[in-house]
>>> print(open('data-v1.cif').read())   # mmCIF, C-alpha atoms and all ligand atoms
data_data
#
loop_
_atom_site.label_atom_id
_atom_site.label_comp_id
_atom_site.auth_asym_id
_atom_site.auth_seq_id
_atom_site.Cartn_x
_atom_site.Cartn_y
_atom_site.Cartn_z
CA MET A 1 0.00 0.00 0.00
CA LYS A 2 1.25 3.49 -0.83
CA LYS A 3 2.09 5.74 2.08
CA PRO A 4 1.03 9.39 2.17
CA PHE A 5 3.60 12.14 1.61
CA ILE A 6 3.49 14.78 4.33
CA ALA A 7 4.95 18.23 3.64
CA VAL A 8 6.76 19.52 6.73
CA THR A 9 7.71 23.18 7.25
CA PRO A 10 11.31 23.71 8.39
CA SER A 11 13.06 25.96 10.88
CA TYR A 12 15.79 28.32 9.74
CA HIS A 13 19.04 29.12 11.47
CA SER A 14 19.69 32.49 9.80
CA LYS A 15 23.24 33.03 11.06
CA GLU A 16 24.41 29.67 9.73
CA GLN A 17 21.92 29.71 6.83
CA ILE A 18 20.75 26.21 7.66
CA THR A 19 17.18 24.94 7.38
CA TYR A 20 16.33 22.00 9.58
CA VAL A 21 13.50 19.89 10.96
CA LYS A 22 13.74 18.27 14.35
CA TYR A 23 13.98 14.52 13.96
CA THR A 24 11.18 13.97 16.48
CA TYR A 25 8.55 15.15 13.92
CA LEU A 26 9.91 12.92 11.16
CA LYS A 27 10.13 9.92 13.46
CA ALA A 28 6.55 10.38 14.69
CA LEU A 29 5.19 10.70 11.13
CA LYS A 30 7.15 7.69 9.91
CA ALA A 31 5.92 5.59 12.84
CA ALA A 32 2.35 6.60 11.96
CA GLY A 33 2.83 5.32 8.39
CA ALA A 34 3.76 8.46 6.41
CA ILE A 35 6.69 9.59 4.29
CA PRO A 36 7.58 13.11 5.46
CA PHE A 37 9.45 15.62 3.32
CA THR A 38 10.66 19.15 4.03
CA ILE A 39 9.61 22.15 1.95
CA SER A 40 12.18 24.76 0.94
CA LEU A 41 11.60 28.14 2.63
CA TYR A 42 11.81 29.76 -0.78
CA SER A 43 8.96 27.82 -2.38
CA GLU A 44 6.54 30.16 -4.15
CA GLY A 45 4.35 30.49 -7.22
CA GLU A 46 4.35 27.44 -9.50
CA ASP A 47 6.79 25.56 -7.23
CA LEU A 48 4.39 25.88 -4.33
CA LYS A 49 1.51 24.69 -6.52
CA GLN A 50 3.49 21.59 -7.46
CA ILE A 51 4.31 20.91 -3.79
CA LEU A 52 0.62 21.33 -2.96
CA SER A 53 -0.37 18.70 -5.51
CA MET A 54 2.41 16.31 -4.46
CA ALA A 55 1.73 16.48 -0.72
CA ASP A 56 -1.09 14.43 0.82
CA GLY A 57 -1.03 16.41 4.08
CA PHE A 58 0.71 19.35 5.72
CA LEU A 59 2.49 19.67 9.06
CA PHE A 60 3.23 23.15 10.41
CA THR A 61 5.96 22.62 12.99
CA GLY A 62 7.17 24.45 16.07
CA GLY A 63 9.59 27.37 15.86
CA PRO A 64 10.12 31.06 16.56
CA ASP A 65 7.47 33.73 17.11
CA ILE A 66 5.37 35.07 14.25
CA HIS A 67 5.96 38.76 13.51
CA PRO A 68 3.13 40.62 15.32
CA PHE A 69 2.66 42.88 12.27
CA HIS A 70 0.96 39.84 10.68
CA TYR A 71 -1.85 40.25 13.22
CA ASN A 72 -1.77 44.05 13.36
CA GLN A 73 -0.02 44.44 16.72
CA GLU A 74 3.05 46.38 17.76
CA VAL A 75 5.95 44.19 18.93
CA HIS A 76 5.82 43.52 22.68
CA LYS A 77 9.16 43.81 24.48
CA ASN A 78 8.97 40.11 25.38
CA CYS A 79 8.22 38.92 21.85
CA GLY A 80 10.93 36.43 20.91
CA GLU A 81 12.94 35.58 17.82
CA ILE A 82 11.28 36.07 14.44
CA CYS A 83 11.95 34.44 11.06
CA ASP A 84 10.59 36.50 8.18
CA GLU A 85 11.34 33.82 5.55
CA ARG A 86 9.34 31.27 7.49
CA ASP A 87 6.44 33.64 8.19
CA ARG A 88 6.15 34.32 4.48
CA LEU A 89 6.28 30.66 3.41
CA GLU A 90 3.80 29.39 6.01
CA LEU A 91 1.32 32.27 5.74
CA SER A 92 1.10 31.75 1.99
CA LEU A 93 1.06 27.95 2.24
CA LEU A 94 -1.80 27.56 4.72
CA PRO A 95 -4.66 29.08 2.67
CA LEU A 96 -3.50 27.14 -0.39
CA ALA A 97 -3.26 23.91 1.60
CA MET A 98 -6.79 24.46 2.89
CA LYS A 99 -8.08 24.93 -0.67
CA THR A 100 -6.84 21.43 -1.53
CA GLY A 101 -8.97 19.96 1.26
CA LYS A 102 -5.98 17.88 2.40
CA PRO A 103 -5.31 17.35 6.12
CA VAL A 104 -3.51 20.02 8.12
CA LEU A 105 -1.80 19.59 11.49
CA GLY A 106 -0.21 22.47 13.41
CA ILE A 107 2.08 21.95 16.38
CA CYS A 108 3.09 24.74 18.83
CA ARG A 109 4.10 27.63 16.52
CA GLY A 110 1.94 25.65 14.06
CA ILE A 111 -1.33 26.24 15.96
CA GLN A 112 -0.42 29.94 16.24
CA LEU A 113 0.33 30.07 12.52
CA LEU A 114 -3.04 28.52 11.64
CA ASN A 115 -4.75 31.14 13.77
CA VAL A 116 -2.80 34.13 12.42
CA ALA A 117 -3.09 33.00 8.79
CA LEU A 118 -6.88 32.91 9.19
CA GLY A 119 -7.12 36.33 10.85
CA GLY A 120 -6.66 35.64 14.58
CA THR A 121 -4.28 37.23 17.09
CA LEU A 122 -1.79 36.03 19.72
CA TRP A 123 -0.69 36.75 23.25
CA GLN A 124 2.92 37.76 22.57
CA ASP A 125 4.05 36.71 26.04
CA ILE A 126 1.78 34.74 28.36
CA ASP A 127 3.72 35.55 31.54
CA SER A 128 3.52 39.31 31.13
CA GLN A 129 0.14 39.57 29.38
CA VAL A 130 -2.11 36.94 30.96
CA SER A 131 -2.71 37.02 34.69
CA SER A 132 -3.46 33.81 36.53
CA PRO A 133 -3.73 33.01 40.26
CA PHE A 134 -1.59 29.94 39.58
CA PRO A 135 0.78 30.58 36.64
CA LEU A 136 1.30 27.27 34.82
CA ALA A 137 4.64 26.08 33.47
CA HIS A 138 3.85 26.74 29.81
CA SER A 139 7.61 27.05 29.27
CA GLN A 140 8.69 23.90 31.07
CA THR A 141 12.37 23.61 31.86
CA PHE A 142 12.38 19.84 32.39
CA ASP A 143 12.37 16.83 30.03
CA TYR A 144 10.02 17.43 27.08
CA ARG A 145 8.79 13.84 27.25
CA LEU A 146 7.16 14.64 30.59
CA PRO A 147 3.80 16.38 30.89
CA SER A 148 3.61 19.86 32.43
CA HIS A 149 -0.10 20.67 32.62
CA THR A 150 -3.57 19.33 31.89
CA VAL A 151 -5.72 20.17 28.86
CA THR A 152 -9.48 19.79 29.05
CA VAL A 153 -10.77 18.70 25.66
CA ASN A 154 -14.15 19.71 24.27
CA PRO A 155 -16.17 16.45 24.14
CA ASP A 156 -17.76 17.42 20.80
CA SER A 157 -14.43 17.86 19.06
CA LEU A 158 -12.45 15.90 16.49
CA LEU A 159 -9.62 15.95 19.05
CA SER A 160 -11.64 14.17 21.73
CA SER A 161 -12.61 11.42 19.27
CA VAL A 162 -8.98 11.07 18.19
CA LEU A 163 -7.62 10.98 21.74
CA ASP A 164 -10.60 9.00 23.00
CA CYS A 165 -10.63 11.11 26.17
CA CYS A 166 -11.67 14.52 27.45
CA GLU A 167 -8.58 15.31 29.46
CA ILE A 168 -4.95 14.93 28.56
CA LYS A 169 -1.67 15.72 30.29
CA VAL A 170 0.62 17.58 27.89
CA ASN A 171 4.11 19.01 27.74
CA SER A 172 4.42 22.75 27.22
CA MET A 173 7.18 24.72 25.49
CA HIS A 174 5.56 28.00 24.45
CA HIS A 175 5.53 31.56 25.75
CA GLN A 176 2.90 32.73 23.27
CA ALA A 177 -0.66 31.52 22.70
CA ILE A 178 -3.86 32.25 20.80
CA ARG A 179 -5.60 35.43 21.98
CA ASP A 180 -8.50 36.07 19.55
CA LEU A 181 -9.59 33.02 17.61
CA ALA A 182 -9.66 33.40 13.82
CA PRO A 183 -13.04 33.29 12.08
CA GLY A 184 -13.93 29.68 11.31
CA LEU A 185 -11.73 28.17 14.03
CA LYS A 186 -13.11 26.50 17.14
CA ALA A 187 -11.23 25.99 20.40
CA ALA A 188 -11.02 22.26 21.13
CA GLY A 189 -9.03 22.34 24.40
CA TYR A 190 -8.02 24.68 27.22
CA SER A 191 -5.50 24.60 30.03
CA GLU A 192 -6.69 25.48 33.53
CA ASP A 193 -5.63 29.13 33.18
CA GLY A 194 -7.90 29.56 30.15
CA ILE A 195 -5.22 29.37 27.45
CA ILE A 196 -6.42 27.81 24.18
CA GLU A 197 -4.35 24.66 23.69
CA ALA A 198 -6.11 23.09 20.68
CA VAL A 199 -8.12 24.34 17.68
CA GLU A 200 -10.07 22.81 14.83
CA HIS A 201 -11.83 24.02 11.69
CA PRO A 202 -15.23 22.35 11.45
CA GLY A 203 -15.40 23.32 7.75
CA CYS A 204 -12.34 21.20 6.86
CA PRO A 205 -12.14 17.39 6.69
CA PHE A 206 -9.08 17.23 9.00
CA PHE A 207 -7.69 20.41 10.48
CA LEU A 208 -6.11 20.36 13.92
CA GLY A 209 -3.75 22.57 15.86
CA VAL A 210 -2.24 21.77 19.24
CA GLN A 211 -0.16 24.03 21.45
CA TRP A 212 1.85 21.17 22.95
CA HIS A 213 4.45 18.86 21.36
CA PRO A 214 3.02 15.36 20.82
CA GLU A 215 6.16 14.43 18.85
CA TYR A 216 8.01 14.16 22.15
CA MET A 217 5.32 12.04 23.84
CA TRP A 218 3.90 9.54 21.31
CA GLU A 219 6.35 6.80 22.29
CA THR A 220 5.11 6.70 25.88
CA GLN A 221 1.56 8.14 25.59
CA PRO A 222 -0.77 6.10 23.33
CA ALA A 223 -3.20 9.04 23.01
CA MET A 224 -0.43 11.15 21.40
CA ALA A 225 0.41 8.33 18.98
CA ARG A 226 -3.30 8.21 18.04
CA MET A 227 -3.07 11.89 17.02
CA PHE A 228 -0.35 11.17 14.46
CA HIS A 229 -2.17 8.05 13.25
CA ALA A 230 -5.43 9.98 12.82
CA PHE A 231 -3.59 12.69 10.84
CA VAL A 232 -1.74 10.24 8.60
CA ASN A 233 -4.84 8.04 8.09
CA ALA A 234 -6.78 11.12 6.97
CA CYS A 235 -4.20 11.71 4.19
CA ASN A 236 -5.00 9.89 0.95
CA PRO A 237 -1.85 8.83 -0.90
CA SER A 238 -2.08 10.26 -4.42
MN MN A 301 0.81 24.99 27.47
#
>>> encode(input="data-v1.cif", output="structure tokens")
Amino acid sequence: MKKPFIAVTPSYHSKEQITYVKYTYLKALKAAGAIPFTISLYSEGEDLKQILSMADGFLFTGGPDIHPFHYNQEVHKNCGEICDERDRLELSLLPLAMKTGKPVLGICRGIQLLNVALGGTLWQDIDSQVSSPFPLAHSQTFDYRLPSHTVTVNPDSLLSSVLDCCEIKVNSMHHQAIRDLAPGLKAAGYSEDGIIEAVEHPGCPFFLGVQWHPEYMWETQPAMARMFHAFVNACNPS
């Protein structure tokens, strides 16, 4: 049986001029039955169209902060590193990927990218912008394979059917988060402090964004492995 090709967006080390994808994503996709490939940051026009027809699904990976100008905000002093090349590739890729009707998964920066590309906004720094009586460790400093906080999953969501549960313990390596949801998106999970940790698009066959990093947890947490399987199974090999 043919395996689906999954297009994966890369990170960019601008000083060294190196694009790279963390092996954890590729390993998780392979284990779920896919063949992942990385897109060049400079894909545009006809090249991008050809990539869109070749790919059976799209993974928007973790990475630096999105430039706040893309959601009409000034830059907060605690906004982190920004990669213009990556912003441009991913913001142009997402609407085109959605037009194909092929599955989309966003992880960490990926969920934020899905939201910004569709017209939503972000908290640029949770710690300084969102008050909470018990600040959670959204930027955990310990082993990424270990959970840091709980996410309550909306029982009517695609995510709850994929995970087969309404509560999941997740890792957390983000200092930004969704502020205003983009039109069309639905929150599918929240942490206890009210941060949106998962989104879906009910108008798309498979469209999921999660704020945590399941690629570090699928080997020990079966629910996380089910997420990658559900994504890959939703991709039809062309
Ligand atoms: Mn978190």
>>> residues_around(input="data-v1.cif", residues="A:Thr100", least_positions_apart="6", cutoff="12 Å", atoms="all atoms listed in the file", output="PyMOL selection string")
chain A and resi 49-58+93-94+204-206+235-236
>>> residues_near_ligand(input="data-v1.cif", ligand="ligand MN 301 (chain A)", cutoff="12 Å", atoms="only C-alpha atoms and all ligand atoms", output="ChimeraX atom specification")
/A:107-109,111,126-127,135-140,144,147-152,168-178,189-198,210-214
>>> atom_distance(input="data-v1.cif", atom1="atom CA of A:Ile39", atom2="atom CA of A:Tyr20")
10.2 Å
>>> atom_distance(input="data-v1.cif", atom1="atom CA of A:Gly120", atom2="atom CA of A:Met217")
28.0 Å
>>> closest_residue(input="data-v1.cif", among="A:Ser161, A:Glu215, A:Asp87, A:Ala230", to="A:Lys22", atoms="all atoms listed in the file")
A:Glu215
>>> closest_residue(input="data-v1.cif", among="A:Met224, A:Ala97, A:Leu91, A:Val21", to="A:Val116", atoms="only C-alpha atoms")
A:Leu91
>>> closest_residue(input="data-v1.cif", among="A:Leu122, A:Gly203, A:Ala223, A:Ala117", to="A:Ser160", atoms="only C-alpha atoms")
A:Ala223
>>> residues_around(input="data-v1.cif", residues="A:Pro237", least_positions_apart="2", cutoff="12 Å", atoms="all atoms listed in the file", output="list in words")
Met1, Lys2, Lys3, Pro4, Phe5, Ile6, Gly33, Ala34, Ile35, Ser53, Met54, Ala55, Asp56, Gly57, Lys102, Pro103, Val232, Asn233, Ala234 and Cys235 of chain A
>>> atom_distance(input="data-v1.cif", atom1="atom CA of A:Leu146", atom2="atom CA of A:Gln221")
9.9 Å
>>> closest_residue(input="data-v1.cif", among="A:Leu48, A:Met227, A:Ile82, A:Leu105", to="A:Val8", atoms="all atoms listed in the file")
A:Leu105
>>> closest_residue(input="data-v1.cif", among="A:Ala28, A:Cys166, A:Val104, A:Leu113", to="A:Pro64", atoms="all atoms listed in the file")
A:Leu113
>>> decode(input="data-v1.cif", residues="stretch 94-113 of chain A", atoms="N, CA and C atoms", output="PDB file, in the first residue's frame")
ATOM      1  N   LEU A  94      -0.600  28.055   4.023  1.00  0.00           N
ATOM      2  CA  LEU A  94      -1.797  27.561   4.725  1.00  0.00           C
ATOM      3  C   LEU A  94      -3.106  27.735   3.933  1.00  0.00           C
ATOM      4  N   PRO A  95      -3.397  28.958   3.424  1.00  0.00           N
ATOM      5  CA  PRO A  95      -4.662  29.077   2.672  1.00  0.00           C
ATOM      6  C   PRO A  95      -4.694  28.181   1.442  1.00  0.00           C
ATOM      7  N   LEU A  96      -3.543  28.004   0.791  1.00  0.00           N
ATOM      8  CA  LEU A  96      -3.497  27.144  -0.392  1.00  0.00           C
ATOM      9  C   LEU A  96      -3.703  25.682  -0.002  1.00  0.00           C
ATOM     10  N   ALA A  97      -3.093  25.291   1.111  1.00  0.00           N
ATOM     11  CA  ALA A  97      -3.261  23.908   1.600  1.00  0.00           C
ATOM     12  C   ALA A  97      -4.724  23.648   1.934  1.00  0.00           C
ATOM     13  N   MET A  98      -5.377  24.632   2.536  1.00  0.00           N
ATOM     14  CA  MET A  98      -6.792  24.457   2.892  1.00  0.00           C
ATOM     15  C   MET A  98      -7.659  24.302   1.649  1.00  0.00           C
ATOM     16  N   LYS A  99      -7.303  25.020   0.582  1.00  0.00           N
ATOM     17  CA  LYS A  99      -8.076  24.928  -0.673  1.00  0.00           C
ATOM     18  C   LYS A  99      -8.046  23.517  -1.248  1.00  0.00           C
ATOM     19  N   THR A 100      -6.940  22.788  -1.002  1.00  0.00           N
ATOM     20  CA  THR A 100      -6.845  21.428  -1.534  1.00  0.00           C
ATOM     21  C   THR A 100      -7.738  20.460  -0.754  1.00  0.00           C
ATOM     22  N   GLY A 101      -8.145  20.846   0.436  1.00  0.00           N
ATOM     23  CA  GLY A 101      -8.971  19.964   1.265  1.00  0.00           C
ATOM     24  C   GLY A 101      -8.164  18.860   1.942  1.00  0.00           C
ATOM     25  N   LYS A 102      -6.826  18.916   1.789  1.00  0.00           N
ATOM     26  CA  LYS A 102      -5.979  17.879   2.396  1.00  0.00           C
ATOM     27  C   LYS A 102      -5.748  18.194   3.875  1.00  0.00           C
ATOM     28  N   PRO A 103      -5.458  17.152   4.674  1.00  0.00           N
ATOM     29  CA  PRO A 103      -5.309  17.346   6.121  1.00  0.00           C
ATOM     30  C   PRO A 103      -4.189  18.314   6.520  1.00  0.00           C
ATOM     31  N   VAL A 104      -4.461  19.055   7.574  1.00  0.00           N
ATOM     32  CA  VAL A 104      -3.511  20.025   8.121  1.00  0.00           C
ATOM     33  C   VAL A 104      -3.350  19.763   9.615  1.00  0.00           C
ATOM     34  N   LEU A 105      -2.087  19.700  10.056  1.00  0.00           N
ATOM     35  CA  LEU A 105      -1.802  19.595  11.489  1.00  0.00           C
ATOM     36  C   LEU A 105      -0.815  20.697  11.850  1.00  0.00           C
ATOM     37  N   GLY A 106      -1.115  21.426  12.927  1.00  0.00           N
ATOM     38  CA  GLY A 106      -0.210  22.466  13.409  1.00  0.00           C
ATOM     39  C   GLY A 106       0.232  22.139  14.822  1.00  0.00           C
ATOM     40  N   ILE A 107       1.530  22.252  15.059  1.00  0.00           N
ATOM     41  CA  ILE A 107       2.084  21.948  16.382  1.00  0.00           C
ATOM     42  C   ILE A 107       2.817  23.178  16.916  1.00  0.00           C
ATOM     43  N   CYS A 108       2.457  23.614  18.128  1.00  0.00           N
ATOM     44  CA  CYS A 108       3.093  24.738  18.830  1.00  0.00           C
ATOM     45  C   CYS A 108       3.049  26.031  18.007  1.00  0.00           C
ATOM     46  N   ARG A 109       4.187  26.477  17.438  1.00  0.00           N
ATOM     47  CA  ARG A 109       4.096  27.631  16.524  1.00  0.00           C
ATOM     48  C   ARG A 109       3.026  27.338  15.469  1.00  0.00           C
ATOM     49  N   GLY A 110       2.891  26.061  15.098  1.00  0.00           N
ATOM     50  CA  GLY A 110       1.937  25.655  14.063  1.00  0.00           C
ATOM     51  C   GLY A 110       0.502  26.054  14.377  1.00  0.00           C
ATOM     52  N   ILE A 111       0.051  25.868  15.609  1.00  0.00           N
ATOM     53  CA  ILE A 111      -1.334  26.243  15.960  1.00  0.00           C
ATOM     54  C   ILE A 111      -1.469  27.761  15.872  1.00  0.00           C
ATOM     55  N   GLN A 112      -0.398  28.477  16.274  1.00  0.00           N
ATOM     56  CA  GLN A 112      -0.423  29.943  16.239  1.00  0.00           C
ATOM     57  C   GLN A 112      -0.452  30.425  14.796  1.00  0.00           C
ATOM     58  N   LEU A 113       0.290  29.721  13.939  1.00  0.00           N
ATOM     59  CA  LEU A 113       0.333  30.072  12.519  1.00  0.00           C
ATOM     60  C   LEU A 113      -1.044  29.884  11.882  1.00  0.00           C
TER      61      LEU A 113
END
